[in-house]
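Student: What follows is work_19.cif, mmCIF, C-alpha atoms.
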data_final
loop_
_atom_site.label_atom_id
_atom_site.label_comp_id
_atom_site.auth_asym_id
_atom_site.auth_seq_id
_atom_site.Cartn_x
_atom_site.Cartn_y
_atom_site.Cartn_z
CA MET L 201 3.86 -16.18 24.12
CA SER L 202 5.84 -18.11 21.51
CA ARG L 203 7.94 -16.40 18.85
CA GLN L 204 5.51 -17.57 16.16
CA VAL L 205 2.45 -16.19 17.97
CA GLN L 206 4.30 -12.90 18.49
CA GLY L 207 4.82 -12.81 14.73
CA TYR L 208 1.11 -13.32 14.14
CA VAL L 209 0.27 -10.41 16.45
CA TYR L 210 2.78 -8.08 14.78
CA LEU L 211 1.57 -8.98 11.29
CA ALA L 212 -2.09 -8.52 12.20
CA LEU L 213 -1.33 -5.10 13.71
CA ALA L 214 0.66 -4.14 10.61
CA MET L 215 -2.21 -5.00 8.31
CA LEU L 216 -4.62 -3.21 10.63
CA THR L 217 -2.59 -0.02 10.06
CA VAL L 218 -2.68 -0.64 6.30
CA GLY L 219 -6.46 -0.90 6.43
CA SER L 220 -6.60 2.32 8.44
CA THR L 221 -4.90 4.22 5.60
CA VAL L 222 -8.24 4.08 3.78
CA ILE L 223 -9.95 5.91 6.65
CA ALA L 224 -7.10 8.42 6.93
CA SER L 225 -7.21 9.06 3.17
CA LYS L 226 -10.97 9.59 3.31
CA LEU L 227 -10.45 12.30 5.96
CA ILE L 228 -7.56 13.81 4.01
CA ALA L 229 -9.64 13.96 0.82
CA SER L 230 -12.12 16.30 2.50
CA GLY L 231 -9.53 18.88 3.50
CA LEU L 232 -6.32 18.74 1.45
CA PRO L 233 -5.42 18.38 -2.25
CA PRO L 234 -3.87 14.97 -3.03
CA PHE L 235 -0.33 16.02 -3.99
CA SER L 236 -0.06 18.47 -1.09
CA ALA L 237 -1.18 15.75 1.35
CA THR L 238 1.28 13.28 -0.18
CA ALA L 239 4.19 15.73 0.04
CA LEU L 240 3.32 16.48 3.68
CA ARG L 241 3.10 12.76 4.47
CA PHE L 242 6.62 12.10 3.20
CA ALA L 243 7.99 15.31 4.73
CA ILE L 244 6.94 13.93 8.12
CA ALA L 245 7.92 10.29 7.55
CA PHE L 246 11.33 10.89 5.91
CA PRO L 247 13.21 12.32 8.93
CA VAL L 248 11.75 9.60 11.18
CA LEU L 249 12.95 6.89 8.80
CA LEU L 250 16.35 8.58 8.57
CA LEU L 251 16.58 8.49 12.36
CA LEU L 252 15.72 4.79 12.33
CA MET L 253 18.48 4.17 9.78
CA TRP L 254 20.95 6.05 11.97
CA THR L 255 19.99 4.19 15.16
CA THR L 256 20.13 0.78 13.47
CA GLY L 257 23.30 1.50 11.52
CA ALA L 258 21.62 0.89 8.16
CA ARG L 259 23.50 2.13 5.11
CA LEU L 260 22.59 2.89 1.52
CA PRO L 261 24.43 0.82 -1.10
CA ARG L 262 26.00 2.33 -4.21
CA PHE L 263 23.48 2.36 -7.06
CA SER L 264 24.05 2.13 -10.78
CA ARG L 265 22.38 4.66 -13.09
CA TYR L 266 19.87 1.95 -14.03
CA ASP L 267 18.89 1.32 -10.39
CA ARG L 268 18.57 5.05 -9.73
CA LEU L 269 16.07 5.31 -12.57
CA ILE L 270 14.11 2.32 -11.25
CA LEU L 271 13.99 3.85 -7.77
CA ILE L 272 12.66 7.15 -9.13
CA ILE L 273 9.95 5.35 -11.12
CA GLN L 274 9.12 3.24 -8.07
CA ALA L 275 8.69 6.34 -5.92
CA GLY L 276 6.55 7.98 -8.59
CA ALA L 277 4.27 4.97 -8.97
CA GLY L 278 4.23 3.17 -5.63
CA SER L 279 4.67 6.15 -3.32
CA VAL L 280 3.17 9.21 -5.02
CA GLY L 281 0.87 7.51 -7.54
CA TYR L 282 -0.66 5.18 -4.97
CA THR L 283 -1.28 7.87 -2.35
CA THR L 284 -2.63 10.58 -4.66
CA LEU L 285 -4.95 8.19 -6.51
CA LEU L 286 -6.18 6.74 -3.22
CA ILE L 287 -6.99 10.19 -1.86
CA SER L 288 -8.55 11.31 -5.16
CA GLY L 289 -10.67 8.16 -5.36
CA LEU L 290 -11.87 8.51 -1.78
CA SER L 291 -13.09 12.03 -2.50
CA LEU L 292 -15.64 10.32 -4.77
CA THR L 293 -16.32 6.86 -3.34
CA SER L 294 -16.87 5.19 0.02
CA ALA L 295 -14.11 3.88 2.27
CA ALA L 296 -15.88 0.51 2.39
CA ASP L 297 -15.64 0.12 -1.40
CA ALA L 298 -12.01 1.24 -1.32
CA GLY L 299 -11.20 -1.34 1.35
CA VAL L 300 -12.50 -4.15 -0.83
CA ILE L 301 -10.55 -2.97 -3.89
CA ILE L 302 -7.28 -2.48 -2.00
CA GLY L 303 -7.54 -6.07 -0.80
CA THR L 304 -6.90 -7.21 -4.37
CA LEU L 305 -3.27 -6.00 -4.27
CA PRO L 306 -1.62 -9.46 -3.94
CA VAL L 307 -3.67 -10.79 -6.85
CA VAL L 308 -3.15 -7.69 -9.00
CA SER L 309 0.61 -7.86 -8.37
CA ALA L 310 0.68 -11.47 -9.47
CA ALA L 311 -1.38 -10.67 -12.57
CA ILE L 312 1.01 -7.85 -13.51
CA SER L 313 3.91 -10.27 -13.23
CA ILE L 314 2.14 -12.59 -15.67
CA LEU L 315 1.41 -9.81 -18.17
CA LEU L 316 4.73 -7.94 -18.05
CA LEU L 317 7.25 -10.56 -16.93
CA ARG L 318 5.59 -13.37 -18.87
CA GLU L 319 5.60 -15.61 -15.81
CA ARG L 320 3.68 -18.82 -16.30
CA PRO L 321 0.51 -18.70 -14.17
CA GLN L 322 -0.50 -21.60 -11.96
CA ARG L 323 -4.10 -22.75 -11.88
CA ALA L 324 -4.50 -21.45 -8.31
CA LEU L 325 -3.42 -18.00 -9.44
CA LEU L 326 -5.95 -17.94 -12.27
CA VAL L 327 -8.71 -18.90 -9.83
CA ALA L 328 -7.53 -16.17 -7.44
CA VAL L 329 -7.62 -13.57 -10.23
CA ALA L 330 -11.15 -14.64 -11.15
CA LEU L 331 -12.33 -14.40 -7.53
CA ALA L 332 -10.71 -11.00 -7.00
CA THR L 333 -12.26 -9.74 -10.24
CA ALA L 334 -15.67 -10.94 -9.10
CA GLY L 335 -15.15 -9.13 -5.80
CA VAL L 336 -14.36 -5.84 -7.51
CA PHE L 337 -17.22 -6.20 -9.98
CA SER L 338 -19.67 -6.80 -7.12
CA ILE L 339 -19.11 -3.20 -5.97
CA ALA L 340 -17.99 -1.52 -9.20
CA PHE L 341 -21.38 -1.94 -10.85
CA THR L 342 -23.44 -0.95 -7.83
CA PRO L 343 -22.20 2.67 -7.61
CA GLY L 344 -25.22 3.85 -5.65
CA ALA L 345 -24.67 1.36 -2.84
CA ALA L 346 -23.19 2.70 0.42
CA GLY L 347 -22.06 5.95 -1.22
CA GLY L 348 -19.88 4.29 -3.84
CA SER L 349 -18.87 5.76 -7.20
CA LEU L 350 -17.78 4.04 -10.40
CA VAL L 351 -15.19 6.74 -11.16
CA GLY L 352 -13.94 6.74 -7.56
CA ASN L 353 -13.67 2.94 -7.55
CA ALA L 354 -11.71 3.11 -10.82
CA LEU L 355 -9.24 5.56 -9.26
CA ILE L 356 -8.79 3.25 -6.25
CA PHE L 357 -8.10 0.34 -8.59
CA LEU L 358 -5.52 2.43 -10.46
CA ALA L 359 -3.87 3.08 -7.08
CA VAL L 360 -3.65 -0.67 -6.56
CA VAL L 361 -2.12 -1.07 -10.03
CA CYS L 362 0.50 1.57 -9.11
CA GLU L 363 1.39 -0.39 -5.99
CA GLY L 364 1.54 -3.57 -8.05
CA LEU L 365 3.99 -1.87 -10.43
CA PHE L 366 6.08 -0.91 -7.40
CA ILE L 367 6.38 -4.59 -6.47
CA LEU L 368 7.17 -5.54 -10.06
CA LEU L 369 9.88 -2.88 -10.37
CA ASN L 370 11.41 -4.09 -7.12
CA LYS L 371 12.23 -7.34 -8.91
CA ARG L 372 14.15 -5.36 -11.54
CA LEU L 373 16.60 -3.76 -9.10
CA LYS L 374 20.10 -5.13 -9.61
CA THR L 375 21.42 -3.88 -6.26
CA GLU L 376 20.20 -5.51 -3.06
CA ILE L 377 18.77 -2.93 -0.68
CA ALA L 378 17.56 -3.39 2.90
CA PRO L 379 13.83 -2.74 3.48
CA LEU L 380 14.41 0.17 5.88
CA ALA L 381 16.83 1.86 3.49
CA GLN L 382 14.40 1.41 0.61
CA SER L 383 11.46 2.81 2.58
CA THR L 384 13.59 5.84 3.51
CA LEU L 385 14.56 6.37 -0.13
CA MET L 386 10.94 6.07 -1.25
CA ALA L 387 9.88 8.69 1.29
CA GLY L 388 12.65 11.09 0.28
CA ILE L 389 12.19 10.71 -3.47
CA GLY L 390 8.42 10.64 -3.06
CA PHE L 391 8.51 14.01 -1.30
CA ILE L 392 10.47 15.59 -4.16
CA VAL L 393 8.15 14.10 -6.80
CA ALA L 394 4.97 15.15 -4.97
CA ALA L 395 6.22 18.62 -3.97
CA ILE L 396 6.41 19.85 -7.57
CA PRO L 397 2.70 19.40 -8.46
CA ALA L 398 1.75 20.28 -4.86
CA PHE L 399 3.12 23.78 -5.46
CA PHE L 400 0.52 24.33 -8.19
CA GLU L 401 -2.32 23.01 -6.03
CA ALA L 402 -1.99 26.07 -3.73
CA PRO L 403 -3.20 24.14 -0.65
CA PHE L 404 -3.33 27.29 1.53
CA ALA L 405 -5.61 29.21 -0.85
CA ASP L 406 -8.87 27.79 0.50
CA GLY L 407 -7.69 27.00 4.02
CA ILE L 408 -6.62 23.67 5.46
CA SER L 409 -8.79 21.31 7.47
CA ALA L 410 -7.32 20.44 10.88
CA SER L 411 -8.75 16.92 10.66
CA ALA L 412 -7.07 16.43 7.28
CA VAL L 413 -3.69 17.51 8.65
CA ALA L 414 -4.13 15.22 11.67
CA ALA L 415 -4.95 12.36 9.29
CA VAL L 416 -1.78 13.06 7.27
CA VAL L 417 0.34 13.01 10.44
CA TYR L 418 -1.29 9.72 11.43
CA TYR L 419 -0.71 8.29 7.92
CA ALA L 420 2.96 9.33 8.02
CA LEU L 421 3.78 8.00 11.48
CA VAL L 422 1.51 5.00 12.08
CA PRO L 423 1.04 3.10 8.78
CA THR L 424 4.16 4.40 6.99
CA VAL L 425 6.66 4.02 9.85
CA GLY L 426 4.88 1.92 12.46
CA GLY L 427 3.32 -0.45 9.92
CA PHE L 428 6.69 -0.99 8.29
CA LEU L 429 8.34 -1.91 11.61
CA LEU L 430 5.49 -4.18 12.68
CA TRP L 431 5.47 -6.03 9.36
CA TYR L 432 9.17 -6.79 9.19
CA VAL L 433 9.46 -7.70 12.87
CA GLY L 434 6.52 -10.08 12.41
CA ALA L 435 7.74 -11.48 9.09
CA GLU L 436 11.02 -12.51 10.72
CA ARG L 437 9.12 -14.83 13.06
CA VAL L 438 6.94 -16.74 10.57
CA SER L 439 7.16 -18.32 7.14
CA GLY L 440 6.48 -16.39 3.93
CA THR L 441 3.21 -18.24 3.34
CA GLU L 442 2.00 -17.47 6.88
CA ALA L 443 2.89 -13.80 6.41
CA ALA L 444 1.00 -13.72 3.11
CA LEU L 445 -2.17 -14.89 4.85
CA PHE L 446 -2.21 -11.77 7.00
CA THR L 447 -2.59 -9.46 4.00
CA ALA L 448 -6.25 -10.51 4.16
CA VAL L 449 -6.57 -8.50 7.39
CA ALA L 450 -6.13 -5.17 5.54
CA PRO L 451 -9.39 -5.11 3.53
CA VAL L 452 -11.39 -6.50 6.45
CA SER L 453 -10.05 -3.83 8.80
CA ALA L 454 -10.71 -1.10 6.20
CA VAL L 455 -14.36 -2.08 5.83
CA MET L 456 -14.85 -2.49 9.59
CA LEU L 457 -13.19 0.86 10.36
CA ALA L 458 -15.29 2.56 7.68
CA PHE L 459 -18.38 1.32 9.52
CA ILE L 460 -17.11 2.06 13.06
CA ILE L 461 -15.31 5.39 12.56
CA LEU L 462 -16.99 6.94 9.52
CA GLY L 463 -20.41 5.42 10.08
CA GLU L 464 -20.60 4.20 6.47
CA PRO L 465 -23.24 1.57 5.74
CA VAL L 466 -21.88 -1.80 4.66
CA GLY L 467 -24.21 -3.42 2.15
CA LEU L 468 -24.46 -6.83 0.54
CA SER L 469 -22.25 -5.71 -2.35
CA GLN L 470 -19.36 -4.93 0.04
CA ILE L 471 -19.87 -8.16 1.98
CA ALA L 472 -19.92 -10.21 -1.23
CA GLY L 473 -16.93 -8.31 -2.59
CA ILE L 474 -14.79 -8.79 0.48
CA ALA L 475 -15.73 -12.47 0.66
CA CYS L 476 -14.46 -12.97 -2.91
CA VAL L 477 -11.29 -10.96 -2.27
CA LEU L 478 -10.53 -12.85 0.95
CA ALA L 479 -11.04 -16.17 -0.80
CA ALA L 480 -8.66 -15.04 -3.55
CA VAL L 481 -5.92 -13.86 -1.18
CA LEU L 482 -6.17 -16.86 1.13
CA GLY L 483 -6.20 -19.27 -1.80
CA LEU L 484 -3.17 -17.57 -3.30
CA ALA L 485 -1.30 -17.78 -0.01
CA PHE L 486 -2.17 -21.41 0.64
CA ALA L 487 -1.06 -22.33 -2.86
CA GLY L 488 2.32 -20.80 -2.05
CA SER L 489 2.52 -19.17 -5.45
CA ARG L 490 4.21 -16.06 -4.10
CA SER L 491 5.35 -14.37 -0.89
CA VAL L 492 3.77 -11.03 -0.20
CA LYS L 493 5.68 -8.17 1.44
CA LEU L 494 4.38 -4.89 2.67
CA ALA L 495 5.56 -2.57 -0.05
CA GLY L 496 7.76 0.32 1.00
CA GLY L 497 5.69 2.62 -1.21
CA ARG L 498 2.82 2.63 1.30
#
Would you mind writing the structure in this file as structure tokens?
Tutor:
Amino acid sequence: MSRQVQGYVYLALAMLTVGSTVIASKLIASGLPPFSATALRFAIAFPVLLLLMWTTGARLPRFSRYDRLILIIQAGAGSVGYTTLLISGLSLTSAADAGVIIGTLPVVSAAISILLLRERPQRALLVAVALATAGVFSIAFTPGAAGGSLVGNALIFLAVVCEGLFILLNKRLKTEIAPLAQSTLMAGIGFIVAAIPAFFEAPFADGISASAVAAVVYYALVPTVGGFLLWYVGAERVSGTEAALFTAVAPVSAVMLAFIILGEPVGLSQIAGIACVLAAVLGLAFAGSRSVKLAGGR
């Protein structure tokens, strides 16, 4: 197997784990409050990431006060905001709908860059935004289809916006930081941020679902740690544009897993939505308008 093909396999597996976070979050939503689940996720992932830093010899750079503030906001938005909104949204809507909406992340991130950084959009990007919007609208306004919910879908989209802000804020860091070190920082800071509201949720008051705890452990170890390793090992073997193409695997895997594992029906609205989102992501990648990385906040 060539180095390039190995990269393709690693990237596909990484995006498969990203898609599986939707299923895990759906299970978590039925048995744990969102902030408590998020704090537990990072409590599990943080020591594992610290161990990886120690074994690889990774070190944290010295940060300015400005960069420290950016990192805290990043953890609040991309780590805690994304996870809690995803879990909250999935308590109301279907995993299939959520999978379609999460697939818009590359396009949403690019749109945020246009709005906040005043970057000049290319024609391909505008077409991608239009396609992604059409994909979301195809499910957002059919709330009764496949167990979807307009409010739940809106919360999922807000989670995507939080992750898009994470990517935007990453561009504002003045100190260069290695991906593993940043993921470790996000887990550590994310735990502190989530633990405060988690205390008021009183997760033990009504009992804890064993399946929800198992889903949190899976989320912490497989997508958070394993997905990170798979993505960066794969990304080293291929070009940025090739890596960007594989982000399209995440929404497809989420919808397929929702059907296979949760038994959710997949209707025409989801099929149409995912077709539009895939066309948007693939078009964006082929145009080479940006390189997409797996955000450390996931």
Student: Calculated over only C-alpha atoms, which of the candidates L:Phe366, L:Tyr432, L:Trp254, L:Tyr210 has the smallest distance to Val449 of chain L?
Tutor: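 Nearest candidate to Val449 of chain L out of L:Phe366, L:Tyr432, L:Trp254, L:Tyr210: L:Tyr210.
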Student: When you draw a straight line from atom CA of Ile460 of chain L to atom CA of Leu286 of chain L, how long is it in Å?
Tutor: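 For atom CA of Ile460 of chain L relative to atom CA of Leu286 of chain L, the distance reads 20.2 Å.
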Student: Residues proximal to (-11.7, -10.6, 2.7) were defined as those with any atom within 9 Å of that point in the file's coordinates, counting all atoms listed in the file. Which are they, as a ChimeraX atom specification?
Tutor: /L:300,303,448-452,471,473-482
Student: Between L:Ile223, L:Asn353, L:Ser469, L:Ile302, which is the closest to Ala332 of chain L once you count all atoms listed in the file?
Tutor: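 Looking only at the distances to Ala332 of chain L, the closest residue turns out to be L:Ile302.
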Student: I'd like to see the residues matched by the PyMOL selection byres ((chain L and resi 247) around 12) on this file, and ideally I'd get them as an MDAnalysis selection string.
Tutor: chainID L and resid 240:246 248:254 383:385 387:388 391 420:421 425
Student: May I have the residues at most 7 Å from (-13.2, 11.9, -0.5) in the file's coordinates, counting only C-alpha atoms, as an MDAnalysis selection string?
Tutor: chainID L and resid 226 229:230 287:293
Student: Can you tell me, as a PyMOL selection string, what residues are no more than 6 Å from segment 274-285 of chain L when counting all atoms listed in the file, ignoring any on the same chain fewer than 5 positions away?
Tutor: chain L and resi 234-235+355+359+362-363+366+386+390+497
Student: Tell me which residues the PyMOL selection byres ((chain L and resi 262-265) around 10) grabs here, as a PDB file with C-alpha atoms, in the frame of the given file.
Tutor:
ATOM      1  CA  ARG L 259      23.500   2.130   5.110  1.00  0.00           C
ATOM      2  CA  LEU L 260      22.590   2.890   1.520  1.00  0.00           C
ATOM      3  CA  PRO L 261      24.430   0.820  -1.100  1.00  0.00           C
ATOM      4  CA  TYR L 266      19.870   1.950 -14.030  1.00  0.00           C
ATOM      5  CA  ASP L 267      18.890   1.320 -10.390  1.00  0.00           C
ATOM      6  CA  ARG L 268      18.570   5.050  -9.730  1.00  0.00           C
ATOM      7  CA  LEU L 269      16.070   5.310 -12.570  1.00  0.00           C
ATOM      8  CA  ILE L 270      14.110   2.320 -11.250  1.00  0.00           C
ATOM      9  CA  LEU L 271      13.990   3.850  -7.770  1.00  0.00           C
ATOM     10  CA  LEU L 373      16.600  -3.760  -9.100  1.00  0.00           C
ATOM     11  CA  LYS L 374      20.100  -5.130  -9.610  1.00  0.00           C
ATOM     12  CA  THR L 375      21.420  -3.880  -6.260  1.00  0.00           C
ATOM     13  CA  GLU L 376      20.200  -5.510  -3.060  1.00  0.00           C
ATOM     14  CA  ILE L 377      18.770  -2.930  -0.680  1.00  0.00           C
TER      15      ILE L 377
END
Student: Choose the residue, out of L:Val393, L:Leu365, L:Leu316, L:Ala296, that has the smallest atom-to-atom separation from Gln470 of chain L; count only C-alpha atoms.
Tutor: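 The closest residue to Gln470 of chain L is L:Ala296.
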